[in-house]
$ cat target-v8.cif   # mmCIF, C-alpha atoms
data_my_file
loop_
_atom_site.label_atom_id
_atom_site.label_comp_id
_atom_site.auth_asym_id
_atom_site.auth_seq_id
_atom_site.Cartn_x
_atom_site.Cartn_y
_atom_site.Cartn_z
CA MET A 1 -31.40 -4.51 -16.25
CA ARG A 2 -34.87 -5.70 -15.27
CA ARG A 3 -36.01 -9.18 -16.23
CA ASN A 4 -39.00 -7.93 -18.23
CA THR A 5 -36.76 -5.51 -20.17
CA PHE A 6 -34.60 -8.49 -21.12
CA TYR A 7 -37.63 -10.45 -22.35
CA LEU A 8 -38.75 -7.38 -24.34
CA LEU A 9 -35.30 -7.18 -25.94
CA ILE A 10 -35.55 -10.85 -26.98
CA GLY A 11 -38.83 -10.05 -28.78
CA VAL A 12 -37.37 -6.97 -30.50
CA THR A 13 -34.28 -8.96 -31.55
CA ALA A 14 -36.49 -11.70 -33.02
CA LEU A 15 -38.38 -9.09 -35.07
CA ILE A 16 -35.12 -7.54 -36.32
CA LEU A 17 -33.87 -11.01 -37.29
CA VAL A 18 -37.03 -11.65 -39.32
CA GLY A 19 -36.34 -8.38 -41.17
CA ILE A 20 -32.71 -9.38 -41.78
CA LEU A 21 -33.86 -12.81 -43.03
CA TYR A 22 -36.11 -11.05 -45.56
CA LEU A 23 -33.19 -8.81 -46.61
CA ALA A 24 -30.85 -11.81 -46.90
CA ILE A 25 -33.37 -13.55 -49.20
CA LEU A 26 -33.71 -10.39 -51.33
CA LEU A 27 -29.91 -10.06 -51.62
CA SER A 28 -29.33 -13.85 -51.93
CA TRP A 29 -26.75 -13.46 -49.13
CA PRO A 30 -26.99 -16.39 -46.64
CA ALA A 31 -24.04 -15.16 -44.54
CA LEU A 32 -26.04 -12.02 -43.63
CA ILE A 33 -28.71 -13.85 -41.62
CA GLN A 34 -26.21 -16.41 -40.31
CA GLY A 35 -23.92 -13.64 -39.02
CA ALA A 36 -26.83 -11.62 -37.64
CA PHE A 37 -28.22 -14.66 -35.81
CA LEU A 38 -24.84 -15.42 -34.24
CA VAL A 39 -24.31 -11.78 -33.18
CA ALA A 40 -27.86 -11.60 -31.76
CA PHE A 41 -27.31 -14.84 -29.81
CA LEU A 42 -24.02 -13.61 -28.33
CA ALA A 43 -25.47 -10.17 -27.53
CA LEU A 44 -28.48 -11.67 -25.74
CA TYR A 45 -26.22 -14.07 -23.85
CA ALA A 46 -24.09 -11.12 -22.66
CA LEU A 47 -27.21 -9.07 -21.77
CA LYS A 48 -28.66 -11.95 -19.77
CA ARG A 49 -25.73 -11.69 -17.36
CA THR A 50 -26.65 -8.07 -16.61
CA VAL A 51 -30.19 -8.89 -15.42
CA ASP A 52 -30.49 -7.95 -11.72
CA GLU A 53 -33.21 -10.40 -10.72
CA PRO A 54 -32.58 -14.13 -11.09
CA VAL A 55 -33.94 -15.40 -14.40
CA GLU A 56 -33.22 -19.04 -13.61
CA ASP A 57 -33.20 -21.04 -10.44
CA GLU A 58 -33.61 -24.69 -9.57
CA ARG A 59 -37.40 -24.67 -10.17
CA THR A 60 -37.06 -23.11 -13.63
CA ASN A 61 -34.29 -25.66 -14.35
CA VAL A 62 -36.67 -28.48 -13.40
CA ILE A 63 -39.31 -27.00 -15.74
CA THR A 64 -36.71 -26.75 -18.53
CA GLN A 65 -35.58 -30.36 -18.00
CA HIS A 66 -39.12 -31.75 -18.06
CA ALA A 67 -40.07 -29.68 -21.13
CA ALA A 68 -36.87 -30.65 -22.99
CA VAL A 69 -37.31 -34.38 -22.32
CA ALA A 70 -41.00 -34.30 -23.34
CA THR A 71 -40.14 -32.33 -26.52
CA LEU A 72 -37.41 -34.78 -27.46
CA GLY A 73 -39.74 -37.72 -26.78
CA ILE A 74 -42.15 -36.50 -29.47
CA PHE A 75 -39.73 -34.71 -31.77
CA TRP A 76 -37.50 -37.70 -32.49
CA VAL A 77 -40.54 -39.63 -33.80
CA ILE A 78 -41.54 -36.74 -36.12
CA PHE A 79 -37.91 -36.24 -37.19
CA PHE A 80 -37.62 -39.94 -37.94
CA LEU A 81 -40.85 -39.92 -39.99
CA VAL A 82 -39.75 -36.91 -42.07
CA SER A 83 -36.25 -38.36 -42.56
CA LEU A 84 -37.65 -41.74 -43.65
CA GLY A 85 -39.82 -39.97 -46.23
CA GLN A 86 -36.84 -37.99 -47.51
CA VAL A 87 -34.67 -41.12 -47.69
CA VAL A 88 -37.34 -42.87 -49.78
CA ILE A 89 -37.54 -39.84 -52.12
CA SER A 90 -33.72 -39.68 -52.39
CA PHE A 91 -33.31 -43.38 -53.10
CA SER A 92 -36.09 -43.27 -55.70
CA THR A 93 -33.88 -41.05 -57.87
CA PRO A 94 -30.28 -41.53 -59.05
CA LEU A 95 -27.89 -40.68 -56.19
CA GLY A 96 -24.80 -38.51 -56.45
CA PHE A 97 -24.73 -38.05 -60.19
CA HIS A 98 -27.14 -37.24 -62.95
CA ALA A 99 -27.56 -39.52 -65.91
CA PRO A 100 -26.34 -37.81 -69.08
CA PRO A 101 -29.19 -36.10 -70.88
CA PRO A 102 -30.49 -37.67 -74.07
CA PRO A 103 -28.79 -36.44 -77.25
CA GLY A 104 -29.99 -33.03 -78.25
CA MET A 105 -31.32 -32.16 -74.79
CA ALA A 106 -29.71 -29.45 -72.69
CA PRO A 107 -27.95 -30.58 -69.46
CA LEU A 108 -29.45 -29.69 -66.09
CA PRO A 109 -28.65 -26.16 -64.99
CA PRO A 110 -25.83 -26.04 -62.38
CA THR A 111 -28.08 -24.38 -59.78
CA GLN A 112 -30.35 -27.45 -59.56
CA ASP A 113 -28.37 -29.02 -56.70
CA PHE A 114 -28.49 -25.80 -54.68
CA LEU A 115 -32.28 -25.79 -55.00
CA HIS A 116 -32.34 -29.15 -53.20
CA VAL A 117 -30.16 -27.71 -50.42
CA GLY A 118 -32.56 -24.79 -50.11
CA ARG A 119 -35.58 -27.12 -49.86
CA LEU A 120 -33.77 -29.14 -47.21
CA GLY A 121 -33.25 -25.88 -45.30
CA ILE A 122 -36.99 -25.11 -45.46
CA VAL A 123 -37.81 -28.59 -44.11
CA GLN A 124 -35.20 -28.19 -41.34
CA LEU A 125 -36.53 -24.74 -40.44
CA GLY A 126 -40.07 -26.14 -40.35
CA LEU A 127 -38.93 -28.95 -38.03
CA LEU A 128 -37.07 -26.47 -35.85
CA GLY A 129 -40.20 -24.31 -35.70
CA LEU A 130 -42.22 -27.37 -34.69
CA MET A 131 -39.63 -28.18 -32.02
CA ILE A 132 -39.89 -24.62 -30.63
CA ILE A 133 -43.71 -24.83 -30.59
CA LEU A 134 -43.59 -28.23 -28.84
CA TYR A 135 -41.03 -26.96 -26.33
CA GLY A 136 -43.06 -23.80 -25.68
CA GLY A 137 -46.22 -25.85 -25.12
CA PHE A 138 -44.50 -28.25 -22.74
CA ARG A 139 -42.86 -25.35 -20.90
CA ILE A 140 -46.28 -23.77 -20.34
CA TYR A 141 -47.65 -27.12 -19.13
CA TYR A 142 -44.81 -27.79 -16.69
CA ALA A 143 -44.60 -24.16 -15.58
CA GLN A 144 -48.27 -24.41 -14.63
CA ARG A 145 -47.64 -27.71 -12.85
CA PHE A 146 -44.77 -26.25 -10.82
CA GLY A 147 -46.70 -23.13 -9.91
CA ASP A 148 -45.38 -20.50 -12.29
CA TRP A 149 -48.61 -18.51 -12.51
CA GLU A 150 -49.72 -18.87 -8.93
CA SER A 151 -50.80 -15.50 -7.62
CA ASP A 152 -50.37 -14.31 -4.10
CA GLU A 153 -51.88 -11.68 -1.89
CA GLU A 154 -48.56 -9.87 -1.37
CA MET B 1 -44.95 -31.55 1.03
CA LYS B 2 -46.34 -29.11 3.56
CA ASN B 3 -44.16 -26.39 4.97
CA ARG B 4 -44.20 -23.54 7.46
CA ILE B 5 -42.30 -20.99 5.41
CA ARG B 6 -45.24 -18.58 5.32
CA VAL B 7 -45.54 -18.75 9.12
CA HIS B 8 -41.84 -18.06 9.66
CA ARG B 9 -41.97 -15.25 7.12
CA ALA B 10 -44.94 -13.68 8.84
CA GLU B 11 -43.25 -13.94 12.25
CA ARG B 12 -40.20 -12.08 10.94
CA GLU B 13 -42.24 -9.75 8.68
CA ILE B 14 -40.28 -10.76 5.59
CA THR B 15 -41.86 -10.47 2.14
CA GLN B 16 -41.61 -13.17 -0.51
CA GLU B 17 -39.51 -10.75 -2.57
CA GLN B 18 -37.02 -10.31 0.27
CA LEU B 19 -36.82 -14.04 0.94
CA ALA B 20 -36.32 -14.74 -2.77
CA ALA B 21 -33.56 -12.12 -2.96
CA GLY B 22 -31.91 -13.56 0.14
CA LEU B 23 -31.91 -17.05 -1.30
CA GLY B 24 -31.08 -16.04 -4.89
CA VAL B 25 -34.25 -17.53 -6.39
CA THR B 26 -37.26 -16.03 -8.15
CA ARG B 27 -40.30 -14.88 -6.20
CA GLN B 28 -42.40 -17.37 -8.17
CA THR B 29 -40.30 -20.17 -6.68
CA ILE B 30 -41.07 -18.96 -3.15
CA ILE B 31 -44.80 -18.78 -4.01
CA ALA B 32 -44.68 -22.29 -5.55
CA ILE B 33 -42.90 -23.74 -2.48
CA GLU B 34 -45.28 -22.06 -0.03
CA LYS B 35 -48.29 -23.38 -1.95
CA GLY B 36 -46.82 -26.89 -2.09
CA LYS B 37 -46.61 -26.84 -5.90
CA TYR B 38 -42.87 -27.35 -5.86
CA ASP B 39 -40.70 -29.30 -3.43
CA PRO B 40 -37.29 -27.63 -3.14
CA SER B 41 -34.03 -29.54 -3.44
CA LEU B 42 -32.24 -30.52 -0.22
CA SER B 43 -29.73 -27.76 -0.86
CA LEU B 44 -32.43 -25.07 -1.14
CA ALA B 45 -34.33 -26.52 1.82
CA PHE B 46 -31.22 -26.17 4.01
CA ARG B 47 -30.64 -22.64 2.71
CA ILE B 48 -34.20 -21.67 3.65
CA ALA B 49 -33.77 -23.26 7.08
CA ARG B 50 -30.50 -21.37 7.60
CA PHE B 51 -32.20 -18.14 6.50
CA PHE B 52 -34.83 -18.54 9.24
CA ASN B 53 -32.31 -20.05 11.66
CA VAL B 54 -34.45 -23.16 12.22
CA ARG B 55 -34.01 -26.87 11.54
CA VAL B 56 -35.19 -28.30 8.20
CA ASP B 57 -37.69 -30.62 9.91
CA GLU B 58 -39.23 -27.60 11.65
CA LEU B 59 -39.80 -26.02 8.26
CA PHE B 60 -40.92 -28.96 6.11
CA LEU B 61 -43.51 -31.49 7.20
CA ASP B 62 -43.83 -34.89 5.57
CA ASP B 63 -47.49 -35.36 4.60
CA GLU B 64 -46.92 -38.85 3.13
CA PRO B 65 -48.51 -41.64 5.22
CA SER B 66 -45.85 -43.53 7.14
CA GLU B 67 -45.09 -47.01 5.76
CA ARG B 68 -44.71 -48.45 9.29
CA ALA B 69 -48.16 -47.25 10.35
#

$ encode --input "target-v8.cif" --output "structure tokens"
Amino acid sequence: MRRNTFYLLIGVTALILVGILYLAILLSWPALIQGAFLVAFLALYALKRTVDEPVEDERTNVITQHAAVATLGIFWVIFFLVSLGQVVISFSTPLGFHAPPPPGMAPLPPTQDFLHVGRLGIVQLGLLGLMIILYGGFRIYYAQRFGDWESDEE
Amino acid sequence: MKNRIRVHRAEREITQEQLAAGLGVTRQTIIAIEKGKYDPSLSLAFRIARFFNVRVDELFLDDEPSERA
């Protein structure tokens, strides 16, 4: 398989996964997107081995290392800030158990705790998205620095 | 670091694509090395030298000013 075909397949897979995510939300079925993501990851990993031209070499590994270190250098600060905020919010409310409702008032619905888990997932996904954007930006920067888009007369 | 890869390639009429395939790297890496944007590892430098059947110091030239000068 050609390298560009592989990159095209990654894009198509990402689009399919977005569709499956939408379907999983509609069906309230988390395992659907989790399973699909795992299958897509394994399939792409297997397909990568069939690419004829080298996708990675020592220069691309250097670019990856630099981009990963730079991403981590910024991301841990953002992650720390968000986590500190969440810790403050968590410790501002009763932890682990809910105080019994006042007499005559209905108890909290049992799904309340799951809503918190869902919100945590949105925050995590947002942070992961930010990490991908940061990594992509740094990859472009270092790829440019190590001559990824240099043209040649040949 | 300057290098004479382009010269040796031209002498042997080898394209960047062929050199990249022979060394198992991407063509972009060959372009980056030739343009001095990327300094290869010692391992790759020796592989390139072996490919052209020359010594490494014939292929790569140190453009840093000597400390003893």

$ residues_around --input "target-v8.cif" --residues "Leu23 in chain B" --least-positions-apart "4" --cutoff "9 Å" --atoms "only C-alpha atoms" --output "compact mmCIF listing (two decimals) with C-alpha atoms, in the frame of the given file"
# COMPACT_ATOMS: atom_id res chain seq x y z
CA GLN B 18 -37.02 -10.31 0.27
CA LEU B 19 -36.82 -14.04 0.94
CA LEU B 44 -32.43 -25.07 -1.14
CA ARG B 47 -30.64 -22.64 2.71
CA ILE B 48 -34.20 -21.67 3.65
CA PHE B 51 -32.20 -18.14 6.50

$ interface_residues --input "target-v8.cif" --of "chain A" --to "chain B" --cutoff "6 Å" --atoms "only C-alpha atoms" --output "list of chain:residue names"
A:Pro54, A:Asp57, A:Phe146, A:Gly147, A:Asp148

$ atom_distance --input "target-v8.cif" --atom1 "CA of Ala31 in chain A" --atom2 "CA of Thr13 in chain A"
17.7 Å

$ closest_residue --input "target-v8.cif" --among "A:Gly129, A:Ala143, A:Gly118, A:Gly136" --to "Ser28 in chain A" --atoms "all atoms listed in the file"
A:Gly118

$ atom_distance --input "target-v8.cif" --atom1 "CA of Ser43 in chain B" --atom2 "CA of Val56 in chain B"
10.6 Å

$ atom_distance --input "target-v8.cif" --atom1 "CA of Glu58 in chain A" --atom2 "CA of Leu42 in chain B"
11.1 Å

$ residues_around --input "target-v8.cif" --residues "Ala36 in chain A" --least-positions-apart "4" --cutoff "9 Å" --atoms "only C-alpha atoms" --output "list in words"
Leu17, Ile20, Leu21, Ala31, Leu32, Ala40 and Phe41 of chain A

$ write_last_selection --input "target-v8.cif" --atoms "C-alpha atoms" --output "short mmCIF file (atom, residue, chain, number, x, y, z; two decimals), in the frame of the given file"
data_model
loop_
_atom_site.label_atom_id
_atom_site.label_comp_id
_atom_site.auth_asym_id
_atom_site.auth_seq_id
_atom_site.Cartn_x
_atom_site.Cartn_y
_atom_site.Cartn_z
CA LEU A 17 -33.87 -11.01 -37.29
CA ILE A 20 -32.71 -9.38 -41.78
CA LEU A 21 -33.86 -12.81 -43.03
CA ALA A 31 -24.04 -15.16 -44.54
CA LEU A 32 -26.04 -12.02 -43.63
CA ALA A 40 -27.86 -11.60 -31.76
CA PHE A 41 -27.31 -14.84 -29.81
#

$ resolve_selection --input "target-v8.cif" --expression "the PyMOL selection byres ((chain B and resi 60) around 10)" --output "number ranges by chain"
B: 1-5, 39, 45, 49, 55-59, 61-63

$ resolve_selection --input "target-v8.cif" --expression "the PyMOL selection byres ((chain A and resi 127) around 12)" --output "ChimeraX atom specification"
/A:74-83,120-126,128-134

$ residues_around --input "target-v8.cif" --residues "Asn4 in chain A" --least-positions-apart "3" --cutoff "12 Å" --atoms "only C-alpha atoms" --output "list in words"
Met1, Tyr7, Leu8, Leu9, Ile10, Gly11, Lys48, Val51, Asp52, Glu53, Pro54 and Val55 of chain A

$ build_atoms --input "target-v8.cif" --residues "range 44-57 of chain A" --atoms "N, CA and C atoms" --output "compact mmCIF listing (two decimals), in the frame of the given file"
# COMPACT_ATOMS: atom_id res chain seq x y z
N LEU A 44 -27.46 -11.33 -26.74
CA LEU A 44 -28.48 -11.67 -25.74
C LEU A 44 -27.86 -12.45 -24.58
N TYR A 45 -26.90 -13.31 -24.90
CA TYR A 45 -26.22 -14.07 -23.85
C TYR A 45 -25.48 -13.11 -22.90
N ALA A 46 -24.82 -12.10 -23.49
CA ALA A 46 -24.09 -11.12 -22.66
C ALA A 46 -25.08 -10.27 -21.84
N LEU A 47 -26.21 -9.89 -22.47
CA LEU A 47 -27.21 -9.07 -21.77
C LEU A 47 -27.86 -9.83 -20.62
N LYS A 48 -28.02 -11.14 -20.79
CA LYS A 48 -28.66 -11.95 -19.77
C LYS A 48 -27.89 -11.89 -18.45
N ARG A 49 -26.58 -11.74 -18.57
CA ARG A 49 -25.73 -11.69 -17.36
C ARG A 49 -25.89 -10.38 -16.61
N THR A 50 -26.49 -9.36 -17.28
CA THR A 50 -26.65 -8.07 -16.61
C THR A 50 -28.02 -7.93 -15.92
N VAL A 51 -28.87 -8.97 -16.06
CA VAL A 51 -30.19 -8.89 -15.42
C VAL A 51 -30.03 -8.99 -13.90
N ASP A 52 -30.64 -8.03 -13.18
CA ASP A 52 -30.49 -7.95 -11.72
C ASP A 52 -31.17 -9.12 -11.02
N GLU A 53 -32.44 -9.34 -11.39
CA GLU A 53 -33.21 -10.40 -10.72
C GLU A 53 -32.80 -11.75 -11.30
N PRO A 54 -32.90 -12.82 -10.51
CA PRO A 54 -32.58 -14.13 -11.09
C PRO A 54 -33.59 -14.53 -12.15
N VAL A 55 -33.08 -14.95 -13.31
CA VAL A 55 -33.94 -15.40 -14.40
C VAL A 55 -34.18 -16.91 -14.25
N GLU A 56 -33.14 -17.58 -13.76
CA GLU A 56 -33.22 -19.04 -13.61
C GLU A 56 -32.91 -19.41 -12.17
N ASP A 57 -33.57 -20.42 -11.70
CA ASP A 57 -33.20 -21.04 -10.44
C ASP A 57 -33.53 -22.52 -10.55
